[in-house]
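J.: First the structure, which I've put down as structure tokens, then a few questions once you've had a look.
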Amino acid sequence: MATIGVVGLGAMGSRIARRLAEAGNELVVWNRDPTRSEPFVAAGAVAAPTPAEVARRVEAVITMVADPPALAAVTEGADGVVAGVGEGTTVIQTSTVGPDSVERLASLLPDDALLDAPVLGSLSEVESGTLNVFVGGPTDLVARWNPLLSTLGTVLNVGAVGAGTAAKLVANTTLVGVIGVLGEALVLADGLGLSREAAFDVLSKTALAGQAERRREAVETGDYQPRFALYLARKDADLILDAAAKSGTELRLTKGARDWLADAEAAGLGDADYSAVLARILEGARAASQEASSER
């Protein structure tokens, strides 16, 4: 067991911290809203006043924040994680950010001090220890922290620093793409007069079968239980498209999926589950159909 820091105690970070504590690790925690640290302090953790102080007190510090600006805010400056990193301390970056953010963080840290380890999965997966952890970093550092990361789920070593983030963006390309295609398939079914029940029966015979079944109840009830916030999915789509543009890669389908997510966010669904984009796609189609009918 080790002394581990966790910086960022939001929905994912708090669950990561809890799972690590349950595995017997000693925790030092920090969150922008200090009240989020209180349950961990009550359970025996130490709350540090700054991310830098977290890093000074631990063997490894895990960062789990929402986006690139948040990562910069907790890692840079006099109070940031980097300022507190000493010899032998490892920074384990688990947030979904872009390649530029990881490259910048690596440039600020000593050599072989960073693991780029974003996680794939949401609340239930972190609670059950079934996340997929895409790790990029030096082989010896990956081996050193593999037992700790295995507490969170399955560890996949994908290469050097930066490869973990690349892997996460590749994975999330499928996430945003599939939900968009599912929504458009349902819209087409509506437009062609196919009943919703028949549409789901048809989709059950396609490559979307699992996703269609998983989302069917939410579509039918309009209750999209939050697991992964839609605004975060839109942020990830932006990161994917930015990384693709910088690499000279064209992603037409992902751009369409991103546009649907942005439209849903603008309609006030940003804090809902990302699958609520289905509601926006279906509502948009109905509105367009009604407008067309009124013009006839």
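In the structure tokens, each chain is lettered A, B, ... as it comes, each chain's residues begin at 1, and ligands are numbered from 1 in order of appearance.
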From a backbone DSSP assignment, name each residue in stretch 77-153 of chain A labelled strand (DSSP E), as number ranges by chain.
T.: A: 90-93, 114-116, 119-120, 131-136, 153
J.: Could you pull out the residues in stretch 71-254 of chain A that DSSP calls alpha helix (DSSP H) from the backbone, as JSON, numbers by chain?
T.: {"A": [71, 72, 73, 74, 75, 81, 82, 83, 84, 99, 100, 101, 102, 103, 104, 105, 106, 107, 108, 123, 124, 125, 126, 127, 128, 139, 140, 141, 142, 143, 144, 145, 146, 147, 148, 149, 150, 163, 164, 165, 166, 167, 168, 169, 170, 171, 172, 173, 174, 175, 176, 177, 178, 179, 180, 181, 182, 183, 184, 185, 186, 187, 188, 189, 190, 191, 196, 197, 198, 199, 200, 201, 202, 203, 209, 210, 211, 212, 213, 214, 215, 216, 217, 218, 219, 220, 221, 230, 231, 232, 233, 234, 235, 236, 237, 238, 239, 240, 241, 242, 243, 244, 245, 246, 252, 253, 254]}
J.: Determine, using only C-alpha atoms, which residues of stretch 208-258 of chain A have any atom at most 12 Å from an atom of stretch 87-102 of chain A, and tabulate each with its shortest atom pair and distance in Å to one decimal place, rows ordered by chain and then rising number, as a tab-separated table.
T.:
```
residue	atom	partner	partner_atom	distance
A:Leu232	CA	A:Thr96	CA	9.2
A:Ala233	CA	A:Thr96	CA	10.1
A:Arg234	CA	A:Thr96	CA	11.9
A:Lys235	CA	A:Val97	CA	9.0
A:Asp236	CA	A:Thr96	CA	7.2
A:Ala237	CA	A:Gly98	CA	10.6
A:Asp238	CA	A:Gly98	CA	9.4
A:Leu239	CA	A:Gly98	CA	5.7
A:Ile240	CA	A:Gly98	CA	7.7
A:Leu241	CA	A:Gly98	CA	10.1
A:Asp242	CA	A:Gly98	CA	8.2
A:Ala243	CA	A:Gly98	CA	7.0
A:Ala244	CA	A:Gly98	CA	10.5
A:Lys246	CA	A:Pro99	CA	10.1
A:Ser247	CA	A:Pro99	CA	10.8
```
J.: Would you mind exporting the chosen residues as an mmCIF file, in the first residue's frame, restricted to N, CA, C and O atoms?
T.:
```cif
data_model
loop_
_atom_site.group_PDB
_atom_site.id
_atom_site.type_symbol
_atom_site.label_atom_id
_atom_site.label_comp_id
_atom_site.auth_asym_id
_atom_site.auth_seq_id
_atom_site.Cartn_x
_atom_site.Cartn_y
_atom_site.Cartn_z
ATOM 1 N N LEU A 232 -19.459 17.293 -21.019
ATOM 2 C CA LEU A 232 -18.144 16.659 -21.058
ATOM 3 C C LEU A 232 -17.955 15.873 -22.353
ATOM 4 O O LEU A 232 -16.851 15.849 -22.915
ATOM 5 N N ALA A 233 -19.016 15.237 -22.833
ATOM 6 C CA ALA A 233 -18.928 14.533 -24.118
ATOM 7 C C ALA A 233 -18.663 15.524 -25.243
ATOM 8 O O ALA A 233 -17.860 15.261 -26.148
ATOM 9 N N ARG A 234 -19.327 16.687 -25.201
ATOM 10 C CA ARG A 234 -19.063 17.725 -26.201
ATOM 11 C C ARG A 234 -17.627 18.208 -26.104
ATOM 12 O O ARG A 234 -16.937 18.403 -27.114
ATOM 13 N N LYS A 235 -17.134 18.392 -24.872
ATOM 14 C CA LYS A 235 -15.741 18.794 -24.680
ATOM 15 C C LYS A 235 -14.801 17.755 -25.275
ATOM 16 O O LYS A 235 -13.827 18.097 -25.965
ATOM 17 N N ASP A 236 -15.080 16.485 -25.048
ATOM 18 C CA ASP A 236 -14.229 15.430 -25.593
ATOM 19 C C ASP A 236 -14.261 15.430 -27.118
ATOM 20 O O ASP A 236 -13.234 15.219 -27.776
ATOM 21 N N ALA A 237 -15.446 15.657 -27.694
ATOM 22 C CA ALA A 237 -15.544 15.717 -29.153
ATOM 23 C C ALA A 237 -14.713 16.878 -29.698
ATOM 24 O O ALA A 237 -14.058 16.744 -30.745
ATOM 25 N N ASP A 238 -14.723 18.011 -29.001
ATOM 26 C CA ASP A 238 -13.889 19.139 -29.411
ATOM 27 C C ASP A 238 -12.409 18.775 -29.349
ATOM 28 O O ASP A 238 -11.630 19.127 -30.249
ATOM 29 N N LEU A 239 -12.016 18.075 -28.286
ATOM 30 C CA LEU A 239 -10.619 17.658 -28.161
ATOM 31 C C LEU A 239 -10.229 16.711 -29.296
ATOM 32 O O LEU A 239 -9.126 16.796 -29.852
ATOM 33 N N ILE A 240 -11.127 15.797 -29.628
ATOM 34 C CA ILE A 240 -10.870 14.840 -30.708
ATOM 35 C C ILE A 240 -10.673 15.578 -32.030
ATOM 36 O O ILE A 240 -9.717 15.319 -32.778
ATOM 37 N N LEU A 241 -11.586 16.495 -32.330
ATOM 38 C CA LEU A 241 -11.508 17.213 -33.602
ATOM 39 C C LEU A 241 -10.279 18.112 -33.662
ATOM 40 O O LEU A 241 -9.650 18.257 -34.721
ATOM 41 N N ASP A 242 -9.916 18.711 -32.537
ATOM 42 C CA ASP A 242 -8.720 19.548 -32.497
ATOM 43 C C ASP A 242 -7.467 18.704 -32.746
ATOM 44 O O ASP A 242 -6.601 19.084 -33.541
ATOM 45 N N ALA A 243 -7.395 17.545 -32.075
ATOM 46 C CA ALA A 243 -6.238 16.657 -32.262
ATOM 47 C C ALA A 243 -6.187 16.140 -33.693
ATOM 48 O O ALA A 243 -5.106 16.031 -34.295
ATOM 49 N N ALA A 244 -7.357 15.829 -34.255
ATOM 50 C CA ALA A 244 -7.402 15.336 -35.630
ATOM 51 C C ALA A 244 -6.922 16.406 -36.601
ATOM 52 O O ALA A 244 -6.136 16.128 -37.517
ATOM 53 N N LYS A 246 -4.893 18.876 -36.085
ATOM 54 C CA LYS A 246 -3.453 19.093 -35.950
ATOM 55 C C LYS A 246 -2.641 17.953 -36.557
ATOM 56 O O LYS A 246 -1.474 18.142 -36.900
ATOM 57 N N SER A 247 -3.269 16.782 -36.673
ATOM 58 C CA SER A 247 -2.568 15.641 -37.276
ATOM 59 C C SER A 247 -2.898 15.481 -38.759
ATOM 60 O O SER A 247 -2.437 14.543 -39.402
#
```
J.: Which residues are close to A:Ala262, i.e. within 12 Å by only C-alpha atoms, leaving aside same-chain residues fewer than 3 positions away? Reply as number ranges by chain.
T.: A: 176, 180, 230-238, 255-259, 265-270, 274, 276-277, 280-281
J.: Would you pick out the contacts of stretch 124-140 of chain A at 7 Å or less, using only C-alpha atoms, so that residues sharing its chain but fewer than 4 positions from it are not included, and give the list as number ranges by chain?
T.: A: 15-16, 19, 112, 114-120, 144, 151-164, 167-168
J.: Please produce an output containing N, CA, C and O atoms for each residue in the selection, written as an mmCIF file, in the first residue's frame.
T.:
```
data_model
loop_
_atom_site.group_PDB
_atom_site.id
_atom_site.type_symbol
_atom_site.label_atom_id
_atom_site.label_comp_id
_atom_site.auth_asym_id
_atom_site.auth_seq_id
_atom_site.Cartn_x
_atom_site.Cartn_y
_atom_site.Cartn_z
ATOM 1 N N ARG A 15 -14.870 8.973 -6.408
ATOM 2 C CA ARG A 15 -15.016 7.511 -6.431
ATOM 3 C C ARG A 15 -13.663 6.820 -6.572
ATOM 4 O O ARG A 15 -13.443 5.749 -6.000
ATOM 5 N N ILE A 16 -12.771 7.422 -7.339
ATOM 6 C CA ILE A 16 -11.410 6.894 -7.421
ATOM 7 C C ILE A 16 -10.759 6.931 -6.043
ATOM 8 O O ILE A 16 -10.145 5.955 -5.595
ATOM 9 N N ARG A 19 -12.210 4.256 -3.761
ATOM 10 C CA ARG A 19 -11.762 2.905 -4.097
ATOM 11 C C ARG A 19 -10.316 2.676 -3.641
ATOM 12 O O ARG A 19 -9.970 1.609 -3.130
ATOM 13 N N ASP A 112 10.593 11.160 -16.490
ATOM 14 C CA ASP A 112 10.082 9.917 -15.890
ATOM 15 C C ASP A 112 9.291 10.165 -14.606
ATOM 16 O O ASP A 112 9.333 9.354 -13.669
ATOM 17 N N LEU A 114 5.889 11.319 -14.993
ATOM 18 C CA LEU A 114 4.491 11.411 -15.404
ATOM 19 C C LEU A 114 3.990 10.118 -16.021
ATOM 20 O O LEU A 114 4.648 9.524 -16.876
ATOM 21 N N LEU A 115 2.805 9.702 -15.571
ATOM 22 C CA LEU A 115 2.039 8.667 -16.256
ATOM 23 C C LEU A 115 0.789 9.324 -16.825
ATOM 24 O O LEU A 115 0.043 9.988 -16.110
ATOM 25 N N ASP A 116 0.596 9.147 -18.110
ATOM 26 C CA ASP A 116 -0.571 9.651 -18.823
ATOM 27 C C ASP A 116 -1.570 8.503 -18.855
ATOM 28 O O ASP A 116 -1.416 7.559 -19.611
ATOM 29 N N ALA A 117 -2.596 8.583 -17.976
ATOM 30 C CA ALA A 117 -3.426 7.395 -17.730
ATOM 31 C C ALA A 117 -4.918 7.708 -17.657
ATOM 32 O O ALA A 117 -5.571 7.446 -16.644
ATOM 33 N N PRO A 118 -5.506 8.254 -18.722
ATOM 34 C CA PRO A 118 -6.953 8.500 -18.693
ATOM 35 C C PRO A 118 -7.734 7.200 -18.592
ATOM 36 O O PRO A 118 -7.267 6.139 -19.029
ATOM 37 N N VAL A 119 -8.924 7.306 -18.027
ATOM 38 C CA VAL A 119 -9.731 6.107 -17.783
ATOM 39 C C VAL A 119 -10.971 6.109 -18.674
ATOM 40 O O VAL A 119 -11.546 7.154 -18.976
ATOM 41 N N LEU A 120 -11.365 4.923 -19.092
ATOM 42 C CA LEU A 120 -12.567 4.740 -19.896
ATOM 43 C C LEU A 120 -13.616 4.046 -19.032
ATOM 44 O O LEU A 120 -13.381 2.952 -18.513
ATOM 45 N N ARG A 144 5.728 -0.022 -11.909
ATOM 46 C CA ARG A 144 5.695 0.370 -10.498
ATOM 47 C C ARG A 144 4.274 0.633 -10.024
ATOM 48 O O ARG A 144 3.884 0.233 -8.921
ATOM 49 N N THR A 151 -6.297 -1.475 -9.189
ATOM 50 C CA THR A 151 -7.395 -1.324 -8.236
ATOM 51 C C THR A 151 -8.608 -0.687 -8.907
ATOM 52 O O THR A 151 -9.754 -0.932 -8.519
ATOM 53 N N LEU A 152 -8.343 0.118 -9.941
ATOM 54 C CA LEU A 152 -9.421 0.827 -10.635
ATOM 55 C C LEU A 152 -10.005 0.027 -11.790
ATOM 56 O O LEU A 152 -11.134 0.282 -12.214
ATOM 57 N N GLY A 153 -9.235 -0.909 -12.313
ATOM 58 C CA GLY A 153 -9.737 -1.696 -13.440
ATOM 59 C C GLY A 153 -8.614 -2.359 -14.216
ATOM 60 O O GLY A 153 -7.555 -2.654 -13.680
ATOM 61 N N THR A 154 -8.846 -2.549 -15.497
ATOM 62 C CA THR A 154 -7.885 -3.205 -16.377
ATOM 63 C C THR A 154 -6.918 -2.184 -16.952
ATOM 64 O O THR A 154 -7.333 -1.186 -17.542
ATOM 65 N N VAL A 155 -5.633 -2.428 -16.778
ATOM 66 C CA VAL A 155 -4.605 -1.500 -17.238
ATOM 67 C C VAL A 155 -4.097 -1.954 -18.610
ATOM 68 O O VAL A 155 -3.692 -3.104 -18.789
ATOM 69 N N LEU A 156 -4.112 -1.031 -19.560
ATOM 70 C CA LEU A 156 -3.593 -1.312 -20.903
ATOM 71 C C LEU A 156 -2.452 -0.344 -21.179
ATOM 72 O O LEU A 156 -2.656 0.862 -21.266
ATOM 73 N N ASN A 157 -1.245 -0.875 -21.295
ATOM 74 C CA ASN A 157 -0.065 -0.061 -21.575
ATOM 75 C C ASN A 157 -0.020 0.201 -23.080
ATOM 76 O O ASN A 157 0.165 -0.718 -23.871
ATOM 77 N N VAL A 158 -0.207 1.465 -23.456
ATOM 78 C CA VAL A 158 -0.343 1.779 -24.882
ATOM 79 C C VAL A 158 0.859 2.508 -25.467
ATOM 80 O O VAL A 158 0.859 2.834 -26.658
ATOM 81 N N GLY A 159 1.904 2.762 -24.662
ATOM 82 C CA GLY A 159 3.087 3.398 -25.216
ATOM 83 C C GLY A 159 3.675 4.451 -24.302
ATOM 84 O O GLY A 159 3.569 4.365 -23.078
ATOM 85 N N ALA A 160 4.282 5.456 -24.912
ATOM 86 C CA ALA A 160 4.961 6.506 -24.162
ATOM 87 C C ALA A 160 3.956 7.537 -23.655
ATOM 88 O O ALA A 160 2.757 7.472 -23.948
ATOM 89 N N VAL A 161 4.451 8.506 -22.879
ATOM 90 C CA VAL A 161 3.602 9.606 -22.428
ATOM 91 C C VAL A 161 2.952 10.258 -23.650
ATOM 92 O O VAL A 161 3.615 10.546 -24.642
ATOM 93 N N GLY A 162 1.654 10.474 -23.558
ATOM 94 C CA GLY A 162 0.887 10.995 -24.689
ATOM 95 C C GLY A 162 0.045 9.930 -25.342
ATOM 96 O O GLY A 162 -1.030 10.217 -25.883
ATOM 97 N N ALA A 163 0.508 8.684 -25.276
ATOM 98 C CA ALA A 163 -0.248 7.587 -25.896
ATOM 99 C C ALA A 163 -1.526 7.288 -25.128
ATOM 100 O O ALA A 163 -2.531 6.875 -25.726
ATOM 101 N N GLY A 164 -1.507 7.494 -23.818
ATOM 102 C CA GLY A 164 -2.719 7.263 -23.035
ATOM 103 C C GLY A 164 -3.840 8.197 -23.462
ATOM 104 O O GLY A 164 -4.981 7.773 -23.681
ATOM 105 N N ALA A 167 -5.104 7.268 -26.878
ATOM 106 C CA ALA A 167 -5.996 6.106 -26.806
ATOM 107 C C ALA A 167 -7.392 6.507 -26.325
ATOM 108 O O ALA A 167 -8.408 6.024 -26.838
ATOM 109 N N LYS A 168 -7.447 7.402 -25.341
ATOM 110 C CA LYS A 168 -8.748 7.821 -24.816
ATOM 111 C C LYS A 168 -9.545 8.594 -25.855
ATOM 112 O O LYS A 168 -10.765 8.428 -25.974
#
```
J.: Near A:Val6, counting only C-alpha atoms, which residues have an atom at most 9 Å away, once you skip same-chain residues fewer than 6 positions from it, shown as number ranges by chain?
T.: A: 13-14, 16-17, 27-31, 51, 54, 60-64
J.: Generate the output file for the selected residues, C-alpha atoms, as a PDB file, in the first residue's frame.
T.:
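The resulting part_23.pdb:
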```pdb
ATOM      1  CA  GLY A  13     -12.346  11.678  -8.624  1.00  0.00           C
ATOM      2  CA  SER A  14     -14.252  11.073  -5.403  1.00  0.00           C
ATOM      3  CA  ILE A  16     -11.410   6.894  -7.421  1.00  0.00           C
ATOM      4  CA  ALA A  17     -10.302   8.194  -4.021  1.00  0.00           C
ATOM      5  CA  LEU A  27      -4.914   9.402   1.075  1.00  0.00           C
ATOM      6  CA  VAL A  28      -4.076  13.084   0.867  1.00  0.00           C
ATOM      7  CA  VAL A  29      -6.799  14.969  -0.982  1.00  0.00           C
ATOM      8  CA  TRP A  30      -7.589  18.388  -2.409  1.00  0.00           C
ATOM      9  CA  ASN A  31     -10.584  19.877  -4.169  1.00  0.00           C
ATOM     10  CA  PRO A  51      -2.379  20.713  -4.858  1.00  0.00           C
ATOM     11  CA  VAL A  54      -0.679  17.171  -1.823  1.00  0.00           C
ATOM     12  CA  ALA A  60       1.991   9.501  -6.337  1.00  0.00           C
ATOM     13  CA  VAL A  61      -0.635  12.141  -7.026  1.00  0.00           C
ATOM     14  CA  ILE A  62      -3.632  11.436  -9.239  1.00  0.00           C
ATOM     15  CA  THR A  63      -5.305  14.304 -11.060  1.00  0.00           C
ATOM     16  CA  MET A  64      -8.942  13.921 -12.165  1.00  0.00           C
TER      17      MET A  64
END
```
J.: Neighbours of A:Ala55 within 6 Å (only C-alpha atoms; same-chain residues fewer than 4 positions away dropped), as a list in words?
T.: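 With the cut-off at 6 Å, the set is Val61, Val81, Gly84 and Val85 of chain A.
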J.: Now that the selection is made, can you save its residues with all heavy atoms as a PDB file, in the first residue's frame?
T.:
```pdb
ATOM      1  N   VAL A  61       0.539  11.279  -7.091  1.00  0.00           N
ATOM      2  CA  VAL A  61      -0.635  12.141  -7.026  1.00  0.00           C
ATOM      3  C   VAL A  61      -1.444  11.958  -8.305  1.00  0.00           C
ATOM      4  O   VAL A  61      -0.915  12.057  -9.409  1.00  0.00           O
ATOM      5  CB  VAL A  61      -0.252  13.624  -6.805  1.00  0.00           C
ATOM      6  CG1 VAL A  61       0.769  14.109  -7.819  1.00  0.00           C
ATOM      7  CG2 VAL A  61      -1.494  14.506  -6.812  1.00  0.00           C
ATOM      8  N   VAL A  81       0.399  21.233  -8.560  1.00  0.00           N
ATOM      9  CA  VAL A  81       1.031  19.936  -8.293  1.00  0.00           C
ATOM     10  C   VAL A  81       2.510  19.945  -8.646  1.00  0.00           C
ATOM     11  O   VAL A  81       3.355  19.443  -7.881  1.00  0.00           O
ATOM     12  CB  VAL A  81       0.304  18.826  -9.094  1.00  0.00           C
ATOM     13  CG1 VAL A  81       1.118  17.532  -9.092  1.00  0.00           C
ATOM     14  CG2 VAL A  81      -1.086  18.563  -8.521  1.00  0.00           C
ATOM     15  N   GLY A  84       5.056  20.972  -6.119  1.00  0.00           N
ATOM     16  CA  GLY A  84       5.273  20.117  -4.956  1.00  0.00           C
ATOM     17  C   GLY A  84       5.928  18.788  -5.249  1.00  0.00           C
ATOM     18  O   GLY A  84       6.199  18.005  -4.327  1.00  0.00           O
ATOM     19  N   VAL A  85       6.180  18.505  -6.526  1.00  0.00           N
ATOM     20  CA  VAL A  85       6.750  17.204  -6.895  1.00  0.00           C
ATOM     21  C   VAL A  85       8.225  17.143  -6.518  1.00  0.00           C
ATOM     22  O   VAL A  85       9.023  18.000  -6.900  1.00  0.00           O
ATOM     23  CB  VAL A  85       6.577  16.951  -8.411  1.00  0.00           C
ATOM     24  CG1 VAL A  85       7.403  15.734  -8.845  1.00  0.00           C
ATOM     25  CG2 VAL A  85       5.108  16.744  -8.743  1.00  0.00           C
TER      26      VAL A  85
END
```
J.: Out of A:Ala21, A:Ala66, A:Leu109, A:Arg32, which residue has the shortest atom-to-atom distance to A:Val82 when counting only C-alpha atoms?
T.: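 The answer is A:Leu109, which sits nearest to A:Val82.
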